[in-house]
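Enquirer: Sharing start25.tsv, TSV, C-alpha atoms:
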chain	number	residue	atom	x	y	z
A	1439	ARG	CA	1.05	15.97	-5.67
A	1440	ARG	CA	-2.22	14.36	-4.76
A	1441	THR	CA	-5.17	15.88	-6.54
A	1442	GLU	CA	-8.03	16.98	-4.30
A	1443	GLN	CA	-10.80	14.39	-4.27
A	1444	LEU	CA	-14.44	14.54	-3.33
A	1445	ARG	CA	-14.54	13.83	0.38
A	1446	LEU	CA	-17.47	11.50	0.82
A	1447	LYS	CA	-18.11	10.91	4.50
A	1448	PRO	CA	-19.51	7.50	5.49
A	1449	VAL	CA	-23.16	6.77	6.02
A	1450	LYS	CA	-22.77	5.93	9.68
A	1451	GLU	CA	-24.76	3.00	11.02
A	1452	ALA	CA	-24.83	1.37	14.41
A	1453	ALA	CA	-22.39	-1.48	14.79
A	1454	SER	CA	-23.85	-4.86	15.48
A	1455	SER	CA	-22.29	-7.34	17.83
A	1456	SER	CA	-22.06	-11.07	18.14
A	1457	SER	CA	-22.40	-12.91	21.42
A	1458	GLY	CA	-20.73	-16.03	20.06
A	1459	PRO	CA	-17.19	-16.97	21.10
A	1460	LEU	CA	-15.90	-17.35	17.55
A	1461	THR	CA	-13.59	-14.69	16.14
A	1462	THR	CA	-12.10	-13.92	12.72
A	1463	LYS	CA	-8.68	-12.46	12.04
A	1464	VAL	CA	-8.84	-9.96	9.17
A	1465	HIS	CA	-6.06	-8.52	7.02
A	1466	PHE	CA	-6.70	-5.41	4.91
A	1467	ARG	CA	-5.02	-4.63	1.59
A	1468	VAL	CA	-5.74	-1.61	-0.58
A	1469	ALA	CA	-4.14	0.04	-3.59
A	1470	TYR	CA	-3.91	3.80	-2.97
A	1471	GLU	CA	-1.58	6.20	-4.77
A	1472	GLN	CA	-2.99	9.63	-3.84
A	1473	VAL	CA	-0.73	10.30	-0.87
A	1474	ASN	CA	1.94	12.90	-0.27
A	1475	LEU	CA	5.27	12.37	1.48
A	1476	GLY	CA	4.67	11.79	5.18
A	1477	GLU	CA	1.02	10.86	4.77
A	1478	SER	CA	-0.38	7.39	5.38
A	1479	VAL	CA	-3.52	5.38	4.75
A	1480	ARG	CA	-5.81	4.09	7.49
A	1481	VAL	CA	-8.95	1.98	7.55
A	1482	VAL	CA	-11.80	3.24	9.73
A	1483	GLY	CA	-15.21	1.75	10.35
A	1484	ASN	CA	-17.93	0.50	12.68
A	1485	HIS	CA	-15.76	-1.45	15.11
A	1486	PRO	CA	-13.38	-0.41	17.92
A	1487	SER	CA	-10.45	-2.17	16.22
A	1488	ILE	CA	-10.82	0.17	13.24
A	1489	GLY	CA	-11.59	3.36	15.12
A	1490	ASP	CA	-15.40	3.40	15.47
A	1491	TRP	CA	-15.57	5.83	12.52
A	1492	VAL	CA	-13.02	8.21	14.03
A	1493	PRO	CA	-10.31	8.65	11.35
A	1494	GLU	CA	-7.63	9.64	13.84
A	1495	ASN	CA	-8.19	6.30	15.66
A	1496	GLY	CA	-8.30	4.21	12.50
A	1497	LEU	CA	-6.06	1.24	11.81
A	1498	LYS	CA	-2.81	2.38	10.22
A	1499	LEU	CA	-1.67	0.51	7.11
A	1500	THR	CA	1.90	0.26	5.87
A	1501	THR	CA	3.66	0.12	2.52
A	1502	THR	CA	7.19	-0.21	1.11
A	1503	GLU	CA	8.92	0.70	-2.13
A	1504	ASP	CA	8.57	-2.91	-3.24
A	1505	ILE	CA	4.77	-3.09	-2.96
A	1506	PHE	CA	3.60	0.52	-3.42
A	1507	PRO	CA	0.81	1.51	-4.17
A	1508	CYS	CA	-0.37	-1.39	-1.99
A	1509	TRP	CA	-1.01	-0.67	1.69
A	1510	ILE	CA	-1.36	-3.63	4.07
A	1511	THR	CA	-1.99	-4.39	7.73
A	1512	CYS	CA	1.05	-5.34	9.78
A	1513	GLU	CA	-0.87	-6.71	12.76
A	1514	GLN	CA	-3.77	-9.08	13.25
A	1515	ILE	CA	-7.18	-7.45	13.56
A	1516	VAL	CA	-9.75	-9.54	15.40
A	1517	PHE	CA	-13.49	-9.24	14.79
A	1518	GLU	CA	-16.40	-11.27	16.02
A	1519	SER	CA	-17.30	-13.92	13.45
A	1520	ASN	CA	-20.42	-13.28	11.37
A	1521	PHE	CA	-20.04	-9.54	11.98
A	1522	GLN	CA	-21.06	-7.11	9.24
A	1523	VAL	CA	-18.09	-4.77	8.94
A	1524	GLN	CA	-18.57	-1.37	7.34
A	1525	TYR	CA	-15.46	0.65	6.61
A	1526	LYS	CA	-13.66	3.19	4.42
A	1527	TYR	CA	-10.09	4.26	3.81
A	1528	VAL	CA	-8.74	7.66	4.80
A	1529	VAL	CA	-5.51	9.59	4.33
A	1530	VAL	CA	-3.95	11.11	7.45
A	1531	GLY	CA	-0.93	13.36	7.86
A	1532	GLU	CA	2.20	12.92	9.95
A	1533	ASP	CA	0.34	14.55	12.82
A	1534	GLY	CA	-2.35	11.85	12.65
A	1535	GLN	CA	-5.01	14.33	11.52
A	1536	LEU	CA	-7.46	13.57	8.72
A	1537	ARG	CA	-6.49	14.79	5.26
A	1538	ALA	CA	-9.12	13.14	3.04
A	1539	TRP	CA	-11.72	10.41	2.83
A	1540	GLU	CA	-11.32	8.01	-0.07
A	1541	ASP	CA	-13.36	8.77	-3.18
A	1542	TYR	CA	-15.87	5.94	-2.74
A	1543	THR	CA	-19.65	6.30	-2.67
A	1544	GLY	CA	-21.22	4.80	0.46
A	1545	ASN	CA	-19.44	2.38	2.79
A	1546	ARG	CA	-17.41	-0.66	1.92
A	1547	THR	CA	-18.71	-3.78	3.64
A	1548	PHE	CA	-18.01	-7.46	4.20
A	1549	LEU	CA	-19.13	-10.26	6.53
A	1550	THR	CA	-16.48	-11.86	8.72
A	1551	SER	CA	-16.28	-15.64	8.35
A	1552	GLY	CA	-13.82	-18.39	9.10
A	1553	ALA	CA	-10.74	-18.25	11.28
A	1554	GLU	CA	-8.87	-15.81	9.03
A	1555	MET	CA	-9.62	-13.79	5.92
A	1556	ALA	CA	-8.06	-11.13	3.71
A	1557	VAL	CA	-10.01	-8.11	2.48
A	1558	GLU	CA	-8.49	-7.34	-0.90
A	1559	ASP	CA	-9.34	-3.84	-2.07
A	1560	ASP	CA	-6.23	-3.81	-4.26
A	1561	GLU	CA	-7.73	-6.12	-6.92
A	1562	GLY	CA	-5.02	-8.67	-6.21
A	1563	GLN	CA	-2.02	-6.38	-6.78
A	1564	TYR	CA	-0.30	-7.45	-3.56
A	1565	ARG	CA	-0.61	-11.13	-4.54
A	1566	GLN	CA	0.83	-10.19	-7.92
A	1567	PHE	CA	3.93	-8.77	-6.21
A	1568	VAL	CA	4.29	-11.95	-4.18
A	1569	ALA	CA	3.74	-14.11	-7.26
A	1570	ASN	CA	6.52	-12.22	-9.01
A	1571	GLY	CA	8.97	-13.44	-6.42
A	1572	GLU	CA	9.17	-10.38	-4.19
A	1573	ASP	CA	7.92	-12.19	-1.12
A	1574	ASP	CA	9.96	-13.29	1.82
A	1575	ASP	CA	11.78	-16.60	2.20
A	1576	GLU	CA	9.78	-19.58	3.36
A	1577	GLU	CA	11.06	-19.21	6.91
A	1578	GLU	CA	9.01	-16.41	8.41
A	1579	ASP	CA	8.64	-15.12	11.89
A	1580	ALA	CA	5.46	-16.73	13.18
A	1581	ASP	CA	4.38	-13.43	14.74
A	1582	LEU	CA	4.38	-11.59	11.40
A	1583	VAL	CA	1.02	-11.45	9.66
A	1584	GLU	CA	2.30	-10.19	6.31
A	1585	PRO	CA	5.54	-11.47	4.77
A	1586	VAL	CA	8.46	-9.04	4.61
A	1587	LEU	CA	9.19	-8.46	0.96
A	1588	THR	CA	12.71	-8.80	-0.36
A	1589	ILE	CA	14.22	-8.62	-3.82
A	1590	LYS	CA	15.27	-12.05	-5.08
A	1591	THR	CA	17.99	-12.78	-7.58
A	1592	PRO	CA	17.11	-13.54	-11.23
A	1593	GLU	CA	18.13	-17.16	-10.62
A	1594	MET	CA	15.67	-17.44	-7.73
A	1595	ARG	CA	12.91	-15.81	-9.80
A	1596	LYS	CA	13.49	-18.33	-12.59
A	1597	LEU	CA	13.44	-21.19	-10.10
A	1598	MET	CA	10.08	-20.03	-8.73
A	1599	PHE	CA	8.72	-19.62	-12.24
A	1600	ASP	CA	9.85	-23.13	-13.25
A	1601	HIS	CA	8.27	-24.49	-10.10
A	1602	LYS	CA	4.92	-22.95	-10.94
A	1603	MET	CA	5.08	-24.00	-14.58
A	1604	SER	CA	5.80	-27.59	-13.60
A	1605	MET	CA	2.53	-27.60	-11.68
A	1606	VAL	CA	0.68	-26.18	-14.69
A	1607	ASN	CA	2.21	-28.79	-16.99
A	1608	ASP	CA	1.27	-31.60	-14.63
A	1609	LEU	CA	-2.33	-30.37	-14.52
A	1610	GLU	CA	-2.82	-29.48	-18.17
A	1611	GLY	CA	-0.37	-31.74	-19.97
A	1612	SER	CA	1.75	-30.67	-22.91
A	1613	PHE	CA	0.29	-28.88	-25.91
A	1614	LYS	CA	1.51	-26.85	-28.85
A	1615	ILE	CA	0.03	-23.75	-30.46
A	1616	GLY	CA	0.07	-24.11	-34.22
A	1617	ILE	CA	1.14	-21.39	-36.61
A	1618	HIS	CA	-2.47	-20.80	-37.72
A	1619	ASP	CA	-4.06	-21.16	-34.26
A	1620	THR	CA	-5.88	-18.36	-32.46
A	1621	VAL	CA	-5.52	-17.95	-28.69
A	1622	PHE	CA	-8.67	-16.92	-26.80
A	1623	MET	CA	-8.22	-15.29	-23.39
A	1624	VAL	CA	-11.50	-15.22	-21.45
A	1625	ALA	CA	-11.80	-13.30	-18.18
A	1626	LEU	CA	-14.30	-11.31	-16.15
A	1627	SER	CA	-13.27	-8.05	-17.78
A	1628	LEU	CA	-11.19	-6.92	-20.73
A	1629	PRO	CA	-7.76	-5.36	-20.10
A	1630	ILE	CA	-8.78	-2.09	-21.70
A	1631	LYS	CA	-10.33	1.23	-20.74
A	1632	LEU	CA	-13.14	2.86	-22.69
A	1633	ILE	CA	-13.63	6.62	-22.55
A	1634	ARG	CA	-16.07	8.99	-24.19
A	1635	GLY	CA	-14.66	11.43	-26.70
A	1636	GLU	CA	-15.62	15.07	-27.00
A	1637	GLY	CA	-18.36	14.21	-29.47
A	1638	GLY	CA	-19.84	11.55	-27.19
A	1639	SER	CA	-18.49	8.58	-29.13
A	1640	TRP	CA	-16.59	5.77	-27.42
A	1641	GLN	CA	-12.80	5.70	-27.68
A	1642	LEU	CA	-10.17	3.19	-26.58
A	1643	ASP	CA	-7.57	4.42	-24.10
A	1644	ASN	CA	-4.10	3.08	-24.86
A	1645	LYS	CA	-3.26	2.78	-21.18
A	1646	ALA	CA	-4.19	-0.19	-19.00
A	1647	PRO	CA	-7.09	0.37	-16.57
A	1648	SER	CA	-6.01	2.24	-13.44
A	1649	ASP	CA	-8.83	0.88	-11.26
A	1650	GLY	CA	-7.23	-2.51	-10.81
A	1651	ARG	CA	-9.13	-4.44	-13.48
A	1652	ASN	CA	-6.69	-6.93	-14.98
A	1653	PHE	CA	-3.88	-4.41	-14.46
A	1654	ALA	CA	-1.23	-6.97	-15.46
A	1655	TRP	CA	-3.14	-8.52	-18.36
A	1656	LEU	CA	-2.67	-5.87	-21.06
A	1657	PRO	CA	1.17	-5.95	-21.02
A	1658	LEU	CA	0.99	-9.76	-21.03
A	1659	VAL	CA	-1.24	-9.82	-24.11
A	1660	ARG	CA	0.98	-7.34	-25.95
A	1661	GLU	CA	4.14	-9.28	-25.10
A	1662	PHE	CA	2.60	-12.60	-26.16
A	1663	ARG	CA	1.45	-11.16	-29.47
A	1664	GLU	CA	4.85	-9.68	-30.25
A	1665	ARG	CA	6.84	-12.71	-29.12
A	1666	THR	CA	4.77	-15.47	-30.77
A	1667	LYS	CA	3.24	-13.54	-33.68
A	1668	LYS	CA	-0.02	-15.32	-32.85
A	1669	ARG	CA	-3.49	-13.83	-32.90
A	1670	VAL	CA	-4.87	-13.31	-29.39
A	1671	VAL	CA	-8.58	-12.61	-28.94
A	1672	CYS	CA	-9.73	-11.35	-25.53
A	1673	VAL	CA	-13.29	-11.92	-24.31
A	1674	GLY	CA	-14.86	-10.15	-21.32
A	1675	TRP	CA	-16.80	-7.23	-19.90
A	1676	PRO	CA	-15.57	-3.93	-21.44
A	1677	GLY	CA	-15.71	-2.03	-18.13
A	1678	VAL	CA	-18.85	-0.01	-18.93
A	1679	HIS	CA	-22.58	-0.72	-18.87
A	1680	VAL	CA	-24.61	0.58	-21.81
A	1681	ASP	CA	-28.31	0.11	-22.46
A	1682	SER	CA	-28.81	1.02	-26.11
A	1683	PHE	CA	-28.15	-1.43	-28.93
A	1684	ARG	CA	-26.52	1.40	-30.87
A	1685	GLU	CA	-23.85	1.96	-28.23
A	1686	LYS	CA	-23.25	-1.77	-27.85
A	1687	ALA	CA	-22.76	-2.08	-31.62
A	1688	GLU	CA	-20.45	0.95	-31.59
A	1689	ILE	CA	-18.29	-0.60	-28.85
A	1690	GLU	CA	-18.25	-3.98	-30.61
A	1691	ARG	CA	-17.03	-2.40	-33.86
A	1692	LEU	CA	-14.40	-0.37	-32.04
A	1693	LEU	CA	-13.01	-3.32	-30.08
A	1694	ALA	CA	-13.17	-5.77	-32.98
A	1695	LYS	CA	-10.33	-3.86	-34.62
A	1696	HIS	CA	-8.13	-4.81	-31.66
A	1697	ASP	CA	-9.33	-8.44	-31.29
A	1698	TYR	CA	-11.49	-7.74	-28.24
A	1699	ILE	CA	-14.96	-9.28	-27.90
A	1700	PRO	CA	-17.09	-7.39	-25.36
A	1701	VAL	CA	-19.73	-9.14	-23.26
A	1702	PHE	CA	-22.56	-7.04	-21.82
A	1703	PRO	CA	-24.12	-8.79	-18.79
A	1704	PRO	CA	-27.24	-7.23	-17.22
A	1705	GLN	CA	-25.97	-4.63	-14.78
A	1706	GLN	CA	-28.12	-5.81	-11.86
A	1707	ASP	CA	-26.96	-9.43	-12.25
A	1708	PHE	CA	-23.37	-8.28	-12.74
A	1709	ASP	CA	-23.41	-6.17	-9.57
A	1710	LYS	CA	-24.83	-9.10	-7.59
A	1711	TYR	CA	-22.11	-11.37	-8.96
A	1712	VAL	CA	-19.34	-8.93	-8.05
A	1713	SER	CA	-20.84	-8.46	-4.59
A	1714	PHE	CA	-20.94	-12.22	-4.06
A	1715	CYS	CA	-17.31	-12.53	-5.17
A	1716	THR	CA	-16.03	-9.74	-2.94
A	1717	THR	CA	-18.00	-10.75	0.16
A	1718	PHE	CA	-17.73	-14.54	-0.08
A	1719	LEU	CA	-15.74	-16.22	-2.87
A	1720	TRP	CA	-12.58	-14.09	-2.81
A	1721	PRO	CA	-12.20	-14.00	1.01
A	1722	VAL	CA	-12.71	-17.79	1.14
A	1723	PHE	CA	-10.55	-18.93	-1.77
A	1724	HIS	CA	-7.85	-16.26	-2.07
A	1725	ASP	CA	-4.53	-16.99	-0.37
A	1726	VAL	CA	-5.33	-20.70	-0.09
A	1727	MET	CA	-2.10	-22.66	-0.03
A	1728	MET	CA	-1.96	-25.34	-2.73
A	1729	PHE	CA	0.15	-28.44	-2.05
A	1730	PHE	CA	1.14	-30.42	-5.08
A	1731	GLN	CA	3.66	-32.90	-6.33
A	1732	THR	CA	5.69	-32.35	-9.43
A	1733	SER	CA	7.59	-34.75	-11.60
A	1734	LYS	CA	10.09	-32.02	-12.44
A	1735	PRO	CA	12.92	-31.79	-9.86
A	1736	LEU	CA	13.88	-28.36	-8.62
Show me the file's structure as structure tokens.
Expert:
Amino acid sequence: RRTEQLRLKPVKEAASSSSGPLTTKVHFRVAYEQVNLGESVRVVGNHPSIGDWVPENGLKLTTTEDIFPCWITCEQIVFESNFQVQYKYVVVGEDGQLRAWEDYTGNRTFLTSGAEMAVEDDEGQYRQFVANGEDDDEEEDADLVEPVLTIKTPEMRKLMFDHKMSMVNDLEGSFKIGIHDTVFMVALSLPIKLIRGEGGSWQLDNKAPSDGRNFAWLPLVREFRERTKKRVVCVGWPGVHVDSFREKAEIERLLAKHDYIPVFPPQQDFDKYVSFCTTFLWPVFHDVMMFFQTSKPL
């Protein structure tokens, strides 16, 4: 059953409007597991298309067994371009009545831009499902915004994987990892979760982060280490901000045992970077179709 969460109501602000003729089609995606049978997730915010902050009038999202816990829009939502959208996710029952606000401080926000954009509050999990070959065939109904996911055969999965790898090989060329080589994997954040123990010291959780940070990276690292017997060193933000040199040194010693190198960016700069990514870079560059030629026939 879903555990009761702190119901943080939105800080309601007046919606702005744009007199320009340009519009932006927006698709919402969110990862949300805390729902009971019969309940659903909706997005509600400062625009009539998402309920004008009335949860019962919010935009209903949908999910399937193939993509859960991802919830996605199944229809095009049109906003005025250059409109500052403020929104939150809510859980509603079968009767359409509010059950709970999401556990998120303040309002989520983004600026509409371009002809079409995707708001990814699932940290890329939906794209991961599609990348794994669970997306629909190339021939889609033009009226469908989101592809209908189907289960492909192992042969089709291998074909898609070979297709992607041929592109990587064309771009990077061939290379070999020697028996004494070390592989460095550098990313925004490490695929680990740090928790404080009862005595206040930092401890490493054996489970992958549940907040979406590199959710697929930890199993990949473990599999690569076991399969190749190579040393893999991961570099990135450890998921926590600490101010004291003592705590930083404690975390560095703890993670060094597992071949993790933590990087501690200034929190203010880090927050600005993440905000820039979520409001501009990711909506612009995610889901961009790449056309390429490959020398490897399929």
Enquirer: Work out how far CA of Ala1556 in chain A is from CA of Thr1461 in chain A, in Å to one decimal.
Expert: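 CA of Ala1556 in chain A lies 14.1 Å from CA of Thr1461 in chain A.
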Enquirer: So how far away is CA of Ser1551 in chain A from CA of Phe1517 in chain A, in Å?
Expert: 9.5 Å
Enquirer: Smallest atom-to-atom distance to Ser1478 in chain A: which of A:Pro1507, A:Gly1677, A:Gly1616, A:Pro1721, using all atoms listed in the file?
Expert: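 Answer, going by the shortest atom-to-atom distance: A:Pro1507.
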Enquirer: Identify, on the basis of all atoms listed in the file, every residue whose closest approach to Arg1480 in chain A does not exceed 9 Å; exclude the query and any residue fewer than 6 positions from it along the same chain; express the result as JSON, numbers by chain.
Expert: {"A": [1488, 1493, 1494, 1495, 1496, 1497, 1498, 1499, 1500, 1509, 1526, 1527, 1528, 1529, 1530]}
Enquirer: Taking all atoms of range 1467-1486 of chain A that the file lists and extending 3 Å past them on each side, where is the centre of the axis-aligned box and how long are its edges? Answer in Å to one decimal, as lines of an AutoDock Vina configuration file.
Expert:
center_x = -6.3
center_y = 4.1
center_z = 6.6
size_x = 29.2
size_y = 23.5
size_z = 28.7
Enquirer: Near Cys1508 in chain A, counting only C-alpha atoms, which residues have an atom at most 9 Å away, once you skip same-chain residues fewer than 2 positions from it, shown as a PDB file with C-alpha atoms, in the frame of the given file?
Expert:
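Final file, result19.pdb:
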ATOM      1  CA  ARG A1467      -5.020  -4.630   1.590  1.00  0.00           C
ATOM      2  CA  VAL A1468      -5.740  -1.610  -0.580  1.00  0.00           C
ATOM      3  CA  ALA A1469      -4.140   0.040  -3.590  1.00  0.00           C
ATOM      4  CA  TYR A1470      -3.910   3.800  -2.970  1.00  0.00           C
ATOM      5  CA  GLU A1471      -1.580   6.200  -4.770  1.00  0.00           C
ATOM      6  CA  THR A1500       1.900   0.260   5.870  1.00  0.00           C
ATOM      7  CA  THR A1501       3.660   0.120   2.520  1.00  0.00           C
ATOM      8  CA  THR A1502       7.190  -0.210   1.110  1.00  0.00           C
ATOM      9  CA  ILE A1505       4.770  -3.090  -2.960  1.00  0.00           C
ATOM     10  CA  PHE A1506       3.600   0.520  -3.420  1.00  0.00           C
ATOM     11  CA  ILE A1510      -1.360  -3.630   4.070  1.00  0.00           C
ATOM     12  CA  ASP A1560      -6.230  -3.810  -4.260  1.00  0.00           C
ATOM     13  CA  GLN A1563      -2.020  -6.380  -6.780  1.00  0.00           C
ATOM     14  CA  TYR A1564      -0.300  -7.450  -3.560  1.00  0.00           C
TER      15      TYR A1564
END
Enquirer: From the options A:Glu1685, A:Asp1643, A:Glu1690, A:Asp1697, which residue's atoms come nearest to Arg1663 in chain A, counting all atoms listed in the file?
Expert: A:Asp1697
Enquirer: To one decimal in Å, tell me the separation between CA of Asn1520 in chain A and CA of Thr1717 in chain A.
Expert: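 Separating CA of Asn1520 in chain A from CA of Thr1717 in chain A is a distance of 11.7 Å.
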Enquirer: Which protein, DNA or RNA residues are at most 7 Å from (-12.0, -3.4, 15.3) in the file's coordinates when you count all atoms listed in the file, listed as a ChimeraX atom specification?
Expert: /A:1485-1489,1515-1517
Enquirer: Considering only C-alpha atoms, can you say which of A:Phe1466, A:Ile1617, A:Tyr1711, A:Leu1642 comes closest to Asp1559 in chain A?
Expert: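 Distance minimum relative to Asp1559 in chain A lands on A:Phe1466.
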